[in-house]
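J.: Here you go, this is entry.cif (mmCIF, C-alpha atoms).
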```cif
data_model
loop_
_atom_site.group_PDB
_atom_site.id
_atom_site.type_symbol
_atom_site.label_atom_id
_atom_site.label_comp_id
_atom_site.auth_asym_id
_atom_site.auth_seq_id
_atom_site.Cartn_x
_atom_site.Cartn_y
_atom_site.Cartn_z
ATOM 1 C CA ALA A 289 138.209 50.059 63.804
ATOM 2 C CA ALA A 290 138.420 46.368 64.783
ATOM 3 C CA LEU A 291 140.483 45.559 61.702
ATOM 4 C CA GLY A 292 142.781 48.473 62.510
ATOM 5 C CA ARG A 293 143.355 47.105 66.014
ATOM 6 C CA HIS A 294 144.552 43.876 64.353
ATOM 7 C CA ASP A 295 147.052 45.746 62.140
ATOM 8 C CA PHE A 296 144.982 45.782 58.966
ATOM 9 C CA SER A 297 145.021 48.928 56.870
ATOM 10 C CA ALA A 298 141.253 49.402 56.432
ATOM 11 C CA LEU A 299 138.820 52.166 55.525
ATOM 12 C CA PRO A 300 134.999 52.335 55.505
ATOM 13 C CA LEU A 301 132.802 53.201 52.516
ATOM 14 C CA HIS A 302 129.101 53.836 53.064
ATOM 15 C CA GLY A 303 126.234 56.057 51.984
ATOM 16 C CA ASP A 304 126.375 58.346 55.045
ATOM 17 C CA MET A 305 129.801 59.648 53.992
ATOM 18 C CA GLU A 306 130.138 62.881 52.053
ATOM 19 C CA GLN A 307 130.934 62.335 48.378
ATOM 20 C CA LYS A 308 134.412 63.891 48.684
ATOM 21 C CA ASP A 309 135.267 61.457 51.509
ATOM 22 C CA ARG A 310 133.971 58.523 49.455
ATOM 23 C CA ASP A 311 136.074 59.675 46.489
ATOM 24 C CA ARG A 312 139.230 59.929 48.628
ATOM 25 C CA THR A 313 138.606 56.489 50.116
ATOM 26 C CA LEU A 314 138.214 54.929 46.672
ATOM 27 C CA VAL A 315 141.332 56.660 45.376
ATOM 28 C CA ARG A 316 143.386 55.345 48.306
ATOM 29 C CA PHE A 317 142.032 51.814 47.848
ATOM 30 C CA ALA A 318 142.594 51.845 44.077
ATOM 31 C CA ASN A 319 146.137 53.214 44.636
ATOM 32 C CA ASN A 320 147.051 50.326 46.964
ATOM 33 C CA SER A 321 147.398 52.759 49.884
ATOM 34 C CA VAL A 322 144.784 50.789 51.848
ATOM 35 C CA SER A 323 144.493 46.995 51.938
ATOM 36 C CA VAL A 324 140.883 46.485 53.030
ATOM 37 C CA LEU A 325 137.718 48.360 52.079
ATOM 38 C CA VAL A 326 134.751 47.708 54.386
ATOM 39 C CA ALA A 327 131.773 48.736 52.318
ATOM 40 C CA SER A 328 128.011 48.798 52.471
ATOM 41 C CA ASP A 329 126.032 48.058 49.313
ATOM 42 C CA VAL A 330 126.986 51.537 48.105
ATOM 43 C CA ALA A 331 130.039 49.673 46.739
ATOM 44 C CA ALA A 332 128.074 46.895 45.071
ATOM 45 C CA ARG A 333 127.693 48.788 41.795
ATOM 46 C CA GLY A 334 129.746 51.168 39.745
ATOM 47 C CA LEU A 335 133.199 50.579 41.235
ATOM 48 C CA ASP A 336 135.943 49.963 38.733
ATOM 49 C CA ILE A 337 138.911 48.784 40.781
ATOM 50 C CA GLY A 338 141.222 46.372 39.018
ATOM 51 C CA GLY A 339 143.077 43.513 40.640
ATOM 52 C CA LEU A 340 140.666 42.895 43.501
ATOM 53 C CA ASP A 341 141.634 39.503 44.961
ATOM 54 C CA LEU A 342 138.845 38.869 47.424
ATOM 55 C CA VAL A 343 135.311 39.949 48.281
ATOM 56 C CA VAL A 344 133.891 38.853 51.639
ATOM 57 C CA ASN A 345 130.147 39.212 52.179
ATOM 58 C CA TYR A 346 129.528 39.656 55.880
ATOM 59 C CA HIS A 347 125.748 39.788 55.446
ATOM 60 C CA VAL A 348 123.879 37.670 52.916
ATOM 61 C CA ALA A 349 122.453 39.837 50.120
ATOM 62 C CA ARG A 350 118.659 40.131 49.955
ATOM 63 C CA ASP A 351 118.373 39.649 46.195
ATOM 64 C CA PRO A 352 120.325 37.907 43.396
ATOM 65 C CA ASP A 353 121.218 41.147 41.585
ATOM 66 C CA THR A 354 122.899 42.631 44.660
ATOM 67 C CA HIS A 355 124.745 39.358 45.292
ATOM 68 C CA LEU A 356 125.932 39.219 41.677
ATOM 69 C CA HIS A 357 127.198 42.803 41.756
ATOM 70 C CA ARG A 358 128.976 42.260 45.077
ATOM 71 C CA VAL A 359 130.830 39.130 43.999
ATOM 72 C CA GLY A 360 131.454 40.592 40.549
ATOM 73 C CA ARG A 361 133.929 43.080 42.022
ATOM 74 C CA THR A 362 136.614 40.362 41.894
ATOM 75 C CA GLY A 363 137.879 38.097 39.132
ATOM 76 C CA ARG A 364 137.102 40.596 36.390
ATOM 77 C CA ALA A 365 138.295 40.594 32.788
ATOM 78 C CA GLY A 366 139.786 37.116 32.956
ATOM 79 C CA ALA A 367 141.637 37.697 36.242
ATOM 80 C CA SER A 368 141.273 35.254 39.116
ATOM 81 C CA GLY A 369 139.549 36.173 42.350
ATOM 82 C CA MET A 370 137.521 34.740 45.174
ATOM 83 C CA ALA A 371 134.192 35.699 46.719
ATOM 84 C CA CYS A 372 133.184 34.357 50.135
ATOM 85 C CA THR A 373 129.938 34.749 52.038
ATOM 86 C CA LEU A 374 129.891 34.311 55.794
ATOM 87 C CA PHE A 375 126.599 32.850 57.016
ATOM 88 C CA ASP A 376 125.122 30.670 59.731
ATOM 89 C CA ALA A 377 122.727 27.719 59.513
ATOM 90 C CA ARG A 378 119.673 30.005 59.656
ATOM 91 C CA GLU A 379 120.803 31.751 56.450
ATOM 92 C CA ALA A 380 121.881 28.669 54.461
ATOM 93 C CA HIS A 381 118.599 28.537 52.503
ATOM 94 C CA ARG A 382 119.083 32.173 51.399
ATOM 95 C CA VAL A 383 122.634 31.444 50.231
ATOM 96 C CA ARG A 384 121.463 28.431 48.203
ATOM 97 C CA ARG A 385 118.762 30.576 46.598
ATOM 98 C CA LEU A 386 121.298 33.298 45.651
ATOM 99 C CA ALA A 387 124.044 30.939 44.489
ATOM 100 C CA PRO A 388 122.828 27.378 43.899
ATOM 101 C CA ASP A 389 126.328 26.202 42.949
ATOM 102 C CA PHE A 390 128.116 27.564 46.031
ATOM 103 C CA SER A 391 130.568 25.360 47.902
ATOM 104 C CA ASP A 392 130.306 25.133 51.669
ATOM 105 C CA ALA A 393 133.915 25.471 52.841
ATOM 106 C CA PRO A 394 135.254 25.188 56.383
ATOM 107 C CA TRP A 395 137.027 28.049 58.117
ATOM 108 C CA PRO A 396 140.710 28.407 57.235
ATOM 109 C CA PRO A 397 143.204 27.115 59.807
ATOM 110 C CA LYS A 398 143.927 29.285 62.861
ATOM 111 C CA SER A 399 147.600 29.264 61.898
ATOM 112 C CA LEU A 400 146.765 31.977 59.347
ATOM 113 C CA LEU A 401 146.331 34.367 62.271
ATOM 114 C CA GLU A 402 150.045 34.038 63.028
ATOM 115 C CA ILE A 403 151.053 35.511 59.664
ATOM 116 C CA LYS A 404 151.977 39.185 59.870
ATOM 117 C CA THR A 405 149.429 41.370 58.159
ATOM 118 C CA PRO A 406 150.896 42.900 54.992
ATOM 119 C CA TRP A 407 150.925 46.688 54.950
ATOM 120 C CA PRO A 408 150.072 48.573 51.749
ATOM 121 C CA GLU A 409 153.141 49.386 49.696
ATOM 122 C CA MET A 410 151.912 52.814 48.595
ATOM 123 C CA VAL A 411 150.873 56.130 50.139
ATOM 124 C CA THR A 412 148.515 58.519 48.340
ATOM 125 C CA LEU A 413 149.346 62.219 48.057
ATOM 126 C CA GLN A 414 146.717 64.830 47.182
ATOM 127 C CA ILE A 415 147.624 67.827 45.042
ATOM 128 C CA ASP A 416 145.230 70.765 45.268
ATOM 129 C CA GLY A 417 145.035 71.282 41.535
ATOM 130 C CA GLY A 418 143.582 69.329 38.647
ATOM 131 C CA LYS A 419 142.269 69.511 35.109
ATOM 132 C CA LYS A 420 140.978 73.052 35.593
ATOM 133 C CA GLN A 421 144.558 74.109 36.313
ATOM 134 C CA LYS A 422 145.669 72.100 33.230
ATOM 135 C CA LEU A 423 147.535 69.501 35.319
ATOM 136 C CA ARG A 424 148.254 66.192 33.605
ATOM 137 C CA PRO A 425 149.818 62.965 34.918
ATOM 138 C CA GLY A 426 153.000 63.761 32.961
ATOM 139 C CA ASP A 427 153.375 67.060 34.848
ATOM 140 C CA ILE A 428 153.216 65.206 38.156
ATOM 141 C CA VAL A 429 155.722 62.540 37.074
ATOM 142 C CA GLY A 430 158.061 65.272 35.808
ATOM 143 C CA ALA A 431 157.858 67.179 39.083
ATOM 144 C CA LEU A 432 158.488 64.033 41.115
ATOM 145 C CA THR A 433 161.425 62.739 39.067
ATOM 146 C CA GLY A 434 163.074 66.101 38.391
ATOM 147 C CA GLU A 435 166.462 67.091 39.806
ATOM 148 C CA GLY A 436 167.000 65.377 43.163
ATOM 149 C CA GLY A 437 163.625 63.664 42.865
ATOM 150 C CA VAL A 438 162.372 60.132 43.278
ATOM 151 C CA ALA A 439 162.868 57.206 40.916
ATOM 152 C CA GLY A 440 160.136 56.555 38.388
ATOM 153 C CA ASP A 441 159.473 53.057 39.742
ATOM 154 C CA ALA A 442 158.540 54.586 43.123
ATOM 155 C CA ILE A 443 155.492 56.234 41.528
ATOM 156 C CA GLY A 444 152.202 54.374 41.268
ATOM 157 C CA LYS A 445 148.789 55.257 39.949
ATOM 158 C CA ILE A 446 147.948 58.893 39.166
ATOM 159 C CA GLN A 447 144.394 60.219 38.967
ATOM 160 C CA VAL A 448 143.521 63.758 37.952
ATOM 161 C CA THR A 449 140.035 65.158 38.620
ATOM 162 C CA ASP A 450 138.722 68.651 37.869
ATOM 163 C CA THR A 451 140.147 70.244 41.021
ATOM 164 C CA ARG A 452 142.427 67.608 42.610
ATOM 165 C CA ALA A 453 145.130 65.175 41.597
ATOM 166 C CA TYR A 454 146.181 62.036 43.452
ATOM 167 C CA VAL A 455 149.468 60.201 43.111
ATOM 168 C CA ALA A 456 150.563 56.989 44.806
ATOM 169 C CA VAL A 457 154.197 56.773 45.913
ATOM 170 C CA ARG A 458 156.107 54.096 47.806
ATOM 171 C CA HIS A 459 156.373 54.504 51.587
ATOM 172 C CA ASP A 460 160.129 54.955 51.476
ATOM 173 C CA VAL A 461 159.928 58.089 49.279
ATOM 174 C CA VAL A 462 156.981 59.931 50.857
ATOM 175 C CA GLY A 463 159.153 62.670 52.390
ATOM 176 C CA ALA A 464 161.098 63.254 49.186
ATOM 177 C CA ALA A 465 157.905 63.224 47.095
ATOM 178 C CA LEU A 466 156.195 65.766 49.357
ATOM 179 C CA LYS A 467 159.260 68.003 49.138
ATOM 180 C CA GLN A 468 159.512 67.697 45.338
ATOM 181 C CA LEU A 469 155.846 68.495 44.781
ATOM 182 C CA GLY A 470 155.547 71.101 47.554
ATOM 183 C CA GLU A 471 158.669 73.079 46.676
ATOM 184 C CA GLY A 472 158.599 72.540 42.936
ATOM 185 C CA ARG A 473 156.376 74.043 40.277
ATOM 186 C CA MET A 474 153.965 72.509 37.798
ATOM 187 C CA LYS A 475 152.479 74.509 34.966
ATOM 188 C CA GLY A 476 154.488 77.487 36.254
ATOM 189 C CA ARG A 477 152.915 77.555 39.694
ATOM 190 C CA SER A 478 153.051 75.965 43.123
ATOM 191 C CA PHE A 479 150.362 73.657 44.465
ATOM 192 C CA ARG A 480 149.513 72.603 47.998
ATOM 193 C CA VAL A 481 150.302 68.898 48.559
ATOM 194 C CA ARG A 482 149.435 66.641 51.472
ATOM 195 C CA ARG A 483 149.448 63.001 52.427
ATOM 196 C CA LEU A 484 146.009 61.394 52.686
ATOM 197 C CA VAL A 485 145.551 59.591 55.995
#
```
Could you render the structure as structure tokens?

T.:
Amino acid sequence: AALGRHDFSALPLHGDMEQKDRDRTLVRFANNSVSVLVASDVAARGLDIGGLDLVVNYHVARDPDTHLHRVGRTGRAGASGMACTLFDAREAHRVRRLAPDFSDAPWPPKSLLEIKTPWPEMVTLQIDGGKKQKLRPGDIVGALTGEGGVAGDAIGKIQVTDTRAYVAVRHDVVGAALKQLGEGRMKGRSFRVRRLV
């Protein structure tokens, strides 16, 4: 909520959420529809989100394995990334124990606060149909780019689960994409479509 008040596009991810809400949050984050994911240690393991630039640890991890899995969310598969841990003098000994080679860096300059917060370039749409209805990513692309549709480069990541499909589209084509998918047909039938917010 605090990040939202400062114009960041942010969502929470924690163990008290229902699984379907966690899944939707992860889809939106992976689709670049949300810029910041504020997560408990439920996100320390098992997330496969490519291109993650930065991990910020707000609390120091209690054990080395948790710390390793947290910071390992960025800079994967040869990509570059940064992991930062915020701590005070009372926690410095714990940080040194977790990461003996850490570098103690000063806060960035306040001038960074004057830079306008970038907004995510994509919006995620949910289609109420998935693998059980024989939907494939190609069906969704075809429906979106068909007659009077959106350009192919306006379509981002597509994920199809058993009963739902998610497609990322650029902000400037959301209305057209909703119309194409809502009024069109895939696999010979209509599907309910909505924007995830």

J.: Taking all atoms listed in the file into account, name the residue in A:Gln414, A:Asn345, A:Thr433, A:Thr373 that is nearest to Thr313 of chain A.

T.: A:Gln414

J.: Please write as a list in words the list of polymer residues whose atoms come within 9 Å of (144.4, 54.9, 52.5), counting only C-alpha atoms and keeping to the coordinates of the file.

T.: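 Taken together, the residues in range are Ser297, Ala298, Leu299, Arg312, Thr313, Leu314, Val315, Arg316, Phe317, Asn319, Asn320, Ser321, Val322, Ser323, Pro408, Met410, Val411, Thr412, Leu484 and Val485 of chain A.
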
J.: Deliver the residues from the most recent selection as a file, using C-alpha atoms, as a compact mmCIF listing (two decimals), keeping the file's coordinate frame.

T.:
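The new file selection_23.txt reads:
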```
# COMPACT_ATOMS: atom_id res chain seq x y z
CA SER A 297 145.02 48.93 56.87
CA ALA A 298 141.25 49.40 56.43
CA LEU A 299 138.82 52.17 55.52
CA ARG A 312 139.23 59.93 48.63
CA THR A 313 138.61 56.49 50.12
CA LEU A 314 138.21 54.93 46.67
CA VAL A 315 141.33 56.66 45.38
CA ARG A 316 143.39 55.34 48.31
CA PHE A 317 142.03 51.81 47.85
CA ASN A 319 146.14 53.21 44.64
CA ASN A 320 147.05 50.33 46.96
CA SER A 321 147.40 52.76 49.88
CA VAL A 322 144.78 50.79 51.85
CA SER A 323 144.49 47.00 51.94
CA PRO A 408 150.07 48.57 51.75
CA MET A 410 151.91 52.81 48.60
CA VAL A 411 150.87 56.13 50.14
CA THR A 412 148.51 58.52 48.34
CA LEU A 484 146.01 61.39 52.69
CA VAL A 485 145.55 59.59 56.00
```

J.: Just so the selection is clear, what residues does the PyMOL selection byres ((chain A and resi 446-461) around 6) cover here, as a list in words?

T.: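 Applied to this file, the PyMOL selection byres ((chain A and resi 446-461) around 6) selects Asn319, Glu409, Met410, Val411, Thr412, Leu413, Gln414, Ile415, Asp416, Gly417, Gly418, Lys419, Lys420, Ala442, Ile443, Gly444, Lys445, Val462, Gly463, Ala464 and Ala465 of chain A.
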
J.: Specify as a VMD selection string each residue included when the PyMOL selection byres ((chain A and resi 363) around 12) is applied to this file.

T.: chain A and resid 337 to 343 357 to 362 364 to 371

J.: What does the distance from atom CA of Arg378 of chain A to atom CA of Val324 of chain A come to in Å, to one decimal?

T.: 27.7 Å

J.: With distances taken over only C-alpha atoms, which of A:Phe479, A:Tyr346, A:Phe375, A:Phe390 is nearest to Gln421 of chain A?

T.: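 Between A:Phe479, A:Tyr346, A:Phe375, A:Phe390, the residue approaching Gln421 of chain A most closely is A:Phe479.
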
J.: Quick one: what's the axis-aligned box for segment 451-466 of chain A, all listed atoms, 5 Å on every side, centre and edges in Å to one decimal, as JSON?

T.:
```
{"center_x": 150.6, "center_y": 62.2, "center_z": 46.7, "size_x": 31.0, "size_y": 26.1, "size_z": 21.4}
```

J.: How many Å lie between atom CA of Ser328 of chain A and atom CA of Leu301 of chain A, rounded to one decimal?

T.: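 Rounded to one decimal, the two atoms are 6.5 Å apart.
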
J.: Given only C-alpha atoms as the basis, pick out the residue of A:Leu325, A:Cys372, A:Leu386, A:Ala380 nearest to His355 of chain A.

T.: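 Once distances to His355 of chain A are computed over only C-alpha atoms, the minimum belongs to A:Leu386.
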
J.: Residues within 12 Å of His294 of chain A, please, as a ChimeraX atom specification. Count all atoms listed in the file; anything in the same chain fewer than 6 positions from it doesn't count.

T.: /A:401-407

J.: Would you mind putting back all heavy atoms on segment 374-385 of chain A, then writing it out as a PDB file, in the frame of the given file?

T.:
```pdb
ATOM      1  N   LEU A 374     129.967  34.852  54.446  1.00  0.00           N
ATOM      2  CA  LEU A 374     129.891  34.311  55.794  1.00  0.00           C
ATOM      3  C   LEU A 374     128.420  34.206  56.184  1.00  0.00           C
ATOM      4  O   LEU A 374     127.665  35.170  56.033  1.00  0.00           O
ATOM      5  CB  LEU A 374     130.623  35.226  56.782  1.00  0.00           C
ATOM      6  CG  LEU A 374     132.090  35.537  56.448  1.00  0.00           C
ATOM      7  CD1 LEU A 374     132.675  36.498  57.481  1.00  0.00           C
ATOM      8  CD2 LEU A 374     132.914  34.280  56.363  1.00  0.00           C
ATOM      9  N   PHE A 375     128.000  33.034  56.654  1.00  0.00           N
ATOM     10  CA  PHE A 375     126.599  32.850  57.016  1.00  0.00           C
ATOM     11  C   PHE A 375     126.496  31.765  58.077  1.00  0.00           C
ATOM     12  O   PHE A 375     127.414  30.978  58.276  1.00  0.00           O
ATOM     13  CB  PHE A 375     125.747  32.495  55.786  1.00  0.00           C
ATOM     14  CG  PHE A 375     126.116  31.182  55.146  1.00  0.00           C
ATOM     15  CD1 PHE A 375     125.413  30.020  55.461  1.00  0.00           C
ATOM     16  CD2 PHE A 375     127.156  31.095  54.240  1.00  0.00           C
ATOM     17  CE1 PHE A 375     125.754  28.805  54.879  1.00  0.00           C
ATOM     18  CE2 PHE A 375     127.498  29.892  53.656  1.00  0.00           C
ATOM     19  CZ  PHE A 375     126.800  28.739  53.975  1.00  0.00           C
ATOM     20  N   ASP A 376     125.357  31.741  58.757  1.00  0.00           N
ATOM     21  CA  ASP A 376     125.122  30.670  59.731  1.00  0.00           C
ATOM     22  C   ASP A 376     124.006  29.765  59.207  1.00  0.00           C
ATOM     23  O   ASP A 376     123.450  29.994  58.132  1.00  0.00           O
ATOM     24  CB  ASP A 376     124.821  31.225  61.128  1.00  0.00           C
ATOM     25  CG  ASP A 376     123.563  32.080  61.177  1.00  0.00           C
ATOM     26  OD1 ASP A 376     122.703  31.954  60.272  1.00  0.00           O
ATOM     27  OD2 ASP A 376     123.418  32.868  62.124  1.00  0.00           O
ATOM     28  N   ALA A 377     123.695  28.726  59.967  1.00  0.00           N
ATOM     29  CA  ALA A 377     122.727  27.719  59.513  1.00  0.00           C
ATOM     30  C   ALA A 377     121.371  28.329  59.185  1.00  0.00           C
ATOM     31  O   ALA A 377     120.684  27.878  58.263  1.00  0.00           O
ATOM     32  CB  ALA A 377     122.585  26.626  60.572  1.00  0.00           C
ATOM     33  N   ARG A 378     120.983  29.380  59.904  1.00  0.00           N
ATOM     34  CA  ARG A 378     119.673  30.005  59.656  1.00  0.00           C
ATOM     35  C   ARG A 378     119.607  30.691  58.289  1.00  0.00           C
ATOM     36  O   ARG A 378     118.536  30.915  57.762  1.00  0.00           O
ATOM     37  CB  ARG A 378     119.356  31.028  60.745  1.00  0.00           C
ATOM     38  CG  ARG A 378     119.143  30.415  62.121  1.00  0.00           C
ATOM     39  CD  ARG A 378     119.084  31.467  63.174  1.00  0.00           C
ATOM     40  NE  ARG A 378     120.372  32.172  63.172  1.00  0.00           N
ATOM     41  CZ  ARG A 378     120.682  33.167  63.982  1.00  0.00           C
ATOM     42  NH1 ARG A 378     119.814  33.619  64.851  1.00  0.00           N
ATOM     43  NH2 ARG A 378     121.870  33.736  63.936  1.00  0.00           N
ATOM     44  N   GLU A 379     120.776  31.046  57.732  1.00  0.00           N
ATOM     45  CA  GLU A 379     120.803  31.751  56.450  1.00  0.00           C
ATOM     46  C   GLU A 379     121.167  30.848  55.269  1.00  0.00           C
ATOM     47  O   GLU A 379     121.198  31.307  54.129  1.00  0.00           O
ATOM     48  CB  GLU A 379     121.822  32.897  56.513  1.00  0.00           C
ATOM     49  CG  GLU A 379     121.499  33.956  57.549  1.00  0.00           C
ATOM     50  CD  GLU A 379     122.617  34.967  57.652  1.00  0.00           C
ATOM     51  OE1 GLU A 379     123.750  34.558  57.960  1.00  0.00           O
ATOM     52  OE2 GLU A 379     122.347  36.162  57.411  1.00  0.00           O
ATOM     53  N   ALA A 380     121.425  29.575  55.519  1.00  0.00           N
ATOM     54  CA  ALA A 380     121.881  28.669  54.461  1.00  0.00           C
ATOM     55  C   ALA A 380     120.899  28.611  53.296  1.00  0.00           C
ATOM     56  O   ALA A 380     121.303  28.590  52.134  1.00  0.00           O
ATOM     57  CB  ALA A 380     122.131  27.271  55.024  1.00  0.00           C
ATOM     58  N   HIS A 381     119.588  28.598  53.588  1.00  0.00           N
ATOM     59  CA  HIS A 381     118.599  28.537  52.503  1.00  0.00           C
ATOM     60  C   HIS A 381     118.671  29.770  51.607  1.00  0.00           C
ATOM     61  O   HIS A 381     118.496  29.688  50.393  1.00  0.00           O
ATOM     62  CB  HIS A 381     117.189  28.355  53.080  1.00  0.00           C
ATOM     63  CG  HIS A 381     116.680  29.572  53.793  1.00  0.00           C
ATOM     64  ND1 HIS A 381     117.101  29.926  55.060  1.00  0.00           N
ATOM     65  CD2 HIS A 381     115.803  30.523  53.390  1.00  0.00           C
ATOM     66  CE1 HIS A 381     116.498  31.048  55.421  1.00  0.00           C
ATOM     67  NE2 HIS A 381     115.707  31.436  54.433  1.00  0.00           N
ATOM     68  N   ARG A 382     118.961  30.946  52.206  1.00  0.00           N
ATOM     69  CA  ARG A 382     119.083  32.173  51.399  1.00  0.00           C
ATOM     70  C   ARG A 382     120.316  32.111  50.502  1.00  0.00           C
ATOM     71  O   ARG A 382     120.281  32.537  49.351  1.00  0.00           O
ATOM     72  CB  ARG A 382     119.162  33.400  52.308  1.00  0.00           C
ATOM     73  CG  ARG A 382     117.819  33.727  52.944  1.00  0.00           C
ATOM     74  CD  ARG A 382     117.896  34.876  53.909  1.00  0.00           C
ATOM     75  NE  ARG A 382     118.407  36.088  53.286  1.00  0.00           N
ATOM     76  CZ  ARG A 382     118.897  37.109  53.995  1.00  0.00           C
ATOM     77  NH1 ARG A 382     118.971  37.036  55.300  1.00  0.00           N
ATOM     78  NH2 ARG A 382     119.323  38.191  53.382  1.00  0.00           N
ATOM     79  N   VAL A 383     121.411  31.561  51.026  1.00  0.00           N
ATOM     80  CA  VAL A 383     122.634  31.444  50.231  1.00  0.00           C
ATOM     81  C   VAL A 383     122.405  30.512  49.043  1.00  0.00           C
ATOM     82  O   VAL A 383     122.810  30.798  47.922  1.00  0.00           O
ATOM     83  CB  VAL A 383     123.812  30.968  51.103  1.00  0.00           C
ATOM     84  CG1 VAL A 383     125.039  30.683  50.249  1.00  0.00           C
ATOM     85  CG2 VAL A 383     124.138  32.000  52.165  1.00  0.00           C
ATOM     86  N   ARG A 384     121.726  29.385  49.296  1.00  0.00           N
ATOM     87  CA  ARG A 384     121.463  28.431  48.203  1.00  0.00           C
ATOM     88  C   ARG A 384     120.559  29.040  47.135  1.00  0.00           C
ATOM     89  O   ARG A 384     120.692  28.732  45.959  1.00  0.00           O
ATOM     90  CB  ARG A 384     120.846  27.153  48.776  1.00  0.00           C
ATOM     91  CG  ARG A 384     121.873  26.281  49.452  1.00  0.00           C
ATOM     92  CD  ARG A 384     121.320  24.904  49.820  1.00  0.00           C
ATOM     93  NE  ARG A 384     122.343  24.152  50.516  1.00  0.00           N
ATOM     94  CZ  ARG A 384     122.574  24.201  51.824  1.00  0.00           C
ATOM     95  NH1 ARG A 384     121.826  24.960  52.585  1.00  0.00           N
ATOM     96  NH2 ARG A 384     123.533  23.495  52.370  1.00  0.00           N
ATOM     97  N   ARG A 385     119.652  29.912  47.560  1.00  0.00           N
ATOM     98  CA  ARG A 385     118.762  30.576  46.598  1.00  0.00           C
ATOM     99  C   ARG A 385     119.552  31.579  45.748  1.00  0.00           C
ATOM    100  O   ARG A 385     119.333  31.712  44.552  1.00  0.00           O
ATOM    101  CB  ARG A 385     117.634  31.283  47.344  1.00  0.00           C
ATOM    102  CG  ARG A 385     116.578  31.888  46.444  1.00  0.00           C
ATOM    103  CD  ARG A 385     115.373  32.394  47.225  1.00  0.00           C
ATOM    104  NE  ARG A 385     115.687  33.101  48.440  1.00  0.00           N
ATOM    105  CZ  ARG A 385     115.980  34.412  48.498  1.00  0.00           C
ATOM    106  NH1 ARG A 385     116.000  35.137  47.411  1.00  0.00           N
ATOM    107  NH2 ARG A 385     116.244  34.979  49.653  1.00  0.00           N
TER     108      ARG A 385
END
```
